[in-house]
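Peer 1: Structure: work29.txt, compact mmCIF, C-alpha atoms.
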# COMPACT_ATOMS: atom_id res chain seq x y z
CA MET C 265 181.02 -108.56 263.81
CA LYS C 266 182.04 -104.96 264.00
CA SER C 267 182.10 -102.52 261.15
CA ARG C 268 183.03 -98.93 260.43
CA ILE C 269 182.55 -96.62 257.48
CA TYR C 270 185.10 -94.03 256.39
CA HIS C 271 185.08 -91.37 253.68
CA THR C 272 188.12 -90.12 251.78
CA GLU C 273 188.32 -87.28 249.29
CA THR C 274 191.72 -87.92 247.67
CA GLU C 275 194.09 -90.79 246.91
CA ASP C 276 196.44 -89.47 249.60
CA GLU C 277 193.59 -89.65 252.15
CA THR C 278 192.86 -93.24 251.08
CA ILE C 279 196.54 -94.14 251.56
CA ALA C 280 196.52 -92.43 254.97
CA LEU C 281 193.41 -94.40 255.96
CA GLY C 282 195.22 -97.60 254.98
CA GLU C 283 198.09 -96.63 257.30
CA LYS C 284 195.62 -96.05 260.12
CA LEU C 285 193.89 -99.39 259.51
CA ALA C 286 197.24 -101.21 259.45
CA ALA C 287 197.72 -100.36 263.12
CA GLU C 288 194.55 -102.31 263.95
CA LEU C 289 195.37 -105.46 262.00
CA PRO C 290 196.47 -108.64 263.75
CA ALA C 291 199.83 -110.12 262.75
CA THR C 292 198.11 -112.92 260.82
CA VAL C 293 195.04 -111.93 258.85
CA VAL C 294 193.37 -112.13 255.45
CA VAL C 295 191.87 -108.88 254.19
CA LEU C 296 189.60 -108.84 251.15
CA LEU C 297 189.68 -105.54 249.26
CA ILE C 298 186.35 -105.37 247.45
CA GLY C 299 185.31 -102.79 244.86
CA GLN C 300 184.98 -102.08 241.18
CA LEU C 301 187.91 -101.11 238.96
CA GLY C 302 189.22 -97.73 240.07
CA ALA C 303 187.55 -97.88 243.49
CA GLY C 304 190.85 -97.37 245.32
CA LYS C 305 191.77 -100.91 246.37
CA THR C 306 195.44 -100.52 245.45
CA ALA C 307 195.65 -97.06 247.03
CA LEU C 308 194.31 -98.50 250.28
CA ALA C 309 196.76 -101.41 249.98
CA LYS C 310 199.63 -98.89 249.58
CA GLY C 311 198.69 -97.35 252.92
CA ILE C 312 198.29 -100.69 254.68
CA VAL C 313 201.66 -101.93 253.41
CA LYS C 314 203.30 -98.65 254.45
CA GLY C 315 201.61 -98.74 257.85
CA LEU C 316 202.88 -102.27 258.41
CA GLY C 317 206.43 -101.16 257.65
CA ALA C 318 206.81 -103.49 254.66
CA ALA C 319 207.27 -101.01 251.78
CA ARG C 320 206.93 -97.40 250.74
CA PRO C 321 203.68 -96.51 248.92
CA ASP C 322 205.59 -95.81 245.69
CA ASP C 323 206.90 -99.39 245.78
CA VAL C 324 203.41 -100.91 245.99
CA SER C 325 201.59 -101.61 242.74
CA SER C 326 198.63 -103.68 241.69
CA PRO C 327 199.61 -107.32 241.19
CA THR C 328 197.12 -107.69 238.32
CA PHE C 329 199.61 -109.39 236.00
CA THR C 330 202.01 -110.95 238.49
CA LEU C 331 199.10 -112.10 240.73
CA ILE C 332 201.12 -111.96 243.97
CA HIS C 333 203.51 -109.38 245.38
CA GLU C 334 205.37 -110.14 248.58
CA TYR C 335 206.64 -107.29 250.76
CA ARG C 336 209.16 -107.95 253.52
CA PRO C 337 209.73 -105.70 256.50
CA LEU C 338 211.94 -102.71 255.80
CA PRO C 339 215.21 -102.39 257.74
CA ARG C 340 214.93 -99.76 260.44
CA GLY C 341 218.38 -98.35 260.22
CA ARG C 342 222.00 -99.31 260.34
CA GLY C 343 221.58 -102.36 262.59
CA SER C 344 219.88 -105.60 261.75
CA GLU C 345 216.63 -104.57 263.38
CA VAL C 346 213.58 -105.06 261.25
CA ALA C 347 210.23 -103.34 261.66
CA GLY C 348 206.95 -104.43 260.26
CA ALA C 349 205.19 -107.46 258.90
CA VAL C 350 205.35 -109.70 255.87
CA VAL C 351 202.56 -108.69 253.49
CA TYR C 352 201.21 -110.60 250.52
CA HIS C 353 199.25 -108.47 248.04
CA ILE C 354 197.23 -110.71 245.75
CA ASP C 355 195.01 -109.82 242.79
CA LEU C 356 192.57 -112.43 241.45
CA TYR C 357 191.04 -110.23 238.74
CA ARG C 358 192.54 -112.11 235.79
CA LEU C 359 191.62 -115.58 237.10
CA ASP C 360 188.34 -117.15 236.04
CA THR C 361 188.05 -120.41 237.96
CA ALA C 362 188.69 -121.75 241.43
CA ALA C 363 191.09 -124.28 239.86
CA GLN C 364 193.23 -121.41 238.53
CA VAL C 365 193.24 -119.76 241.96
CA ALA C 366 194.19 -123.07 243.59
CA THR C 367 197.47 -123.08 241.65
CA LEU C 368 198.59 -120.00 243.61
CA GLY C 369 198.94 -121.93 246.87
CA LEU C 370 196.72 -119.60 248.90
CA ASP C 371 196.22 -122.19 251.67
CA GLU C 372 199.98 -122.17 252.27
CA ILE C 373 200.04 -118.36 252.30
CA PHE C 374 197.04 -118.25 254.67
CA ASP C 375 198.98 -120.45 257.12
CA ARG C 376 201.93 -118.05 257.30
CA ARG C 377 202.38 -115.31 259.86
CA ALA C 378 201.52 -112.54 257.44
CA VAL C 379 198.98 -109.97 256.43
CA VAL C 380 197.35 -111.11 253.19
CA LEU C 381 195.61 -108.43 251.11
CA ILE C 382 193.43 -109.87 248.35
CA GLU C 383 191.86 -107.81 245.58
CA TRP C 384 188.87 -109.50 243.89
CA GLY C 385 188.83 -112.31 246.48
CA GLU C 386 185.05 -112.02 246.73
CA ARG C 387 184.88 -113.74 243.33
CA PHE C 388 186.01 -116.98 245.02
CA PRO C 389 184.33 -117.00 248.46
CA GLU C 390 184.68 -120.77 248.78
CA LEU C 391 188.48 -120.37 248.80
CA MET C 392 188.63 -117.59 251.38
CA PRO C 393 188.96 -118.23 255.11
CA GLU C 394 185.88 -117.54 257.23
CA ASN C 395 187.87 -115.43 259.65
CA ARG C 396 188.78 -112.43 257.58
CA ILE C 397 188.32 -108.71 257.27
CA GLU C 398 186.35 -107.35 254.34
CA ILE C 399 186.93 -103.80 253.14
CA ARG C 400 184.42 -102.56 250.57
CA LEU C 401 185.38 -99.49 248.57
CA ARG C 402 182.85 -97.49 246.60
CA THR C 403 183.38 -94.38 244.52
CA THR C 404 181.16 -91.47 245.53
CA GLY C 405 182.73 -88.86 243.27
CA GLU C 406 185.70 -88.40 240.96
CA PHE C 407 188.19 -88.84 243.81
CA SER C 408 185.98 -89.47 246.85
CA ARG C 409 185.41 -92.92 248.30
CA GLU C 410 183.24 -94.61 250.89
CA ILE C 411 185.19 -97.37 252.61
CA ALA C 412 183.38 -99.88 254.81
CA VAL C 413 185.49 -102.13 257.02
CA GLN C 414 183.93 -105.26 258.47
CA TRP C 415 185.66 -107.58 260.92
CA SER C 416 184.26 -111.11 261.10
Could you render the structure as structure tokens?

Peer 2:
Amino acid sequence: MKSRIYHTETEDETIALGEKLAAELPATVVVLLIGQLGAGKTALAKGIVKGLGAARPDDVSSPTFTLIHEYRPLPRGRGSEVAGAVVYHIDLYRLDTAAQVATLGLDEIFDRRAVVLIEWGERFPELMPENRIEIRLRTTGEFSREIAVQWS
């Protein structure tokens, strides 16, 4: 296992860190975004999605009520070329039981060639794949964050 710790001072820095981390992600991976409310999970997700070429940060929002957002690669230009990866951004905050989570079809999503970002996934460890990346976000000030990334 390897791990790294980063510090950000603003939301823009957290988004930029997400972009940087996106470049290191494999094409198929599950990433748990772990932290309390307001810790910056969605801001980091915005950067990862942008870095993967799947959406602009302003188009990424927390899927708290919809549970799953799917982002497809953005067209590069006038031709049919496509850059980037498919990204699923999932939020399990509003779900209380593993049975509720099971209705989302996560196993099917995990089998796809995609980057899967899951907020609050640590609440259901038995449903998460063993091979995953865990990113723990912790507030250290009004806008500052400590972000620990651990590859399994």

Peer 1: Given all atoms listed in the file as the basis, pick out the residue of C:Arg377, C:Glu383, C:Pro337, C:Phe388 nearest to His353 of chain C.

Peer 2: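 Going through C:Arg377, C:Glu383, C:Pro337, C:Phe388 one by one, the smallest distance to His353 of chain C is for C:Glu383.
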
Peer 1: For segment 390-398 of chain C, find every residue with an atom within 10 Å (counting all atoms listed in the file), except residues of its own chain fewer than 5 positions away, and show them as a list in words.

Peer 2: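 Here the qualifying residues turn out to be Met265, Lys266, Ser267, Leu289, Thr292, Val293, Val294, Val295, Leu296, Leu297, Ile298, Ala362, Val365, Ala366, Leu370, Asp371, Phe374, Val380, Leu381, Ile382, Gly385, Ala412, Val413, Gln414, Trp415 and Ser416 of chain C.
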
Peer 1: Could you check how far atom CA of Leu356 of chain C sits from atom CA of Thr328 of chain C, in Å to one decimal?

Peer 2: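 Between atom CA of Leu356 of chain C and atom CA of Thr328 of chain C the gap works out to 7.3 Å.
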
Peer 1: Give me, as an MDAnalysis selection string, all polymer residues having an atom no more than 9 Å from segment 308-320 of chain C, counting only C-alpha atoms and skipping those fewer than 5 positions away in the same chain.

Peer 2: chainID C and resid 275:276 278:287 289 297 325:326 335:339 346:351 353 379 381

Peer 1: If you measure from atom CA of Ile332 of chain C to atom CA of Ile354 of chain C, what distance in Å do you get, rounded to one decimal?

Peer 2: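 Those two atoms sit 4.5 Å apart.
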
Peer 1: If I take atom CA of Pro389 of chain C and atom CA of Thr306 of chain C, how far is one from the other in Å, to one decimal?

Peer 2: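 Between atom CA of Pro389 of chain C and atom CA of Thr306 of chain C the gap works out to 20.1 Å.
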
Peer 1: Could you check which of C:Arg268, C:Glu372, C:Arg387, C:Tyr357 is closest to Leu301 of chain C, using only C-alpha atoms?

Peer 2: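 Closest to Leu301 of chain C, using only C-alpha atoms: C:Tyr357.
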
Peer 1: Box in all listed atoms of segment 402-416 of chain C, axis-aligned, with 4 Å more on each side; write out centre and edge lengths in Å to one decimal as JSON.

Peer 2:
{"center_x": 184.7, "center_y": -99.8, "center_z": 251.0, "size_x": 15.0, "size_y": 30.7, "size_z": 28.1}
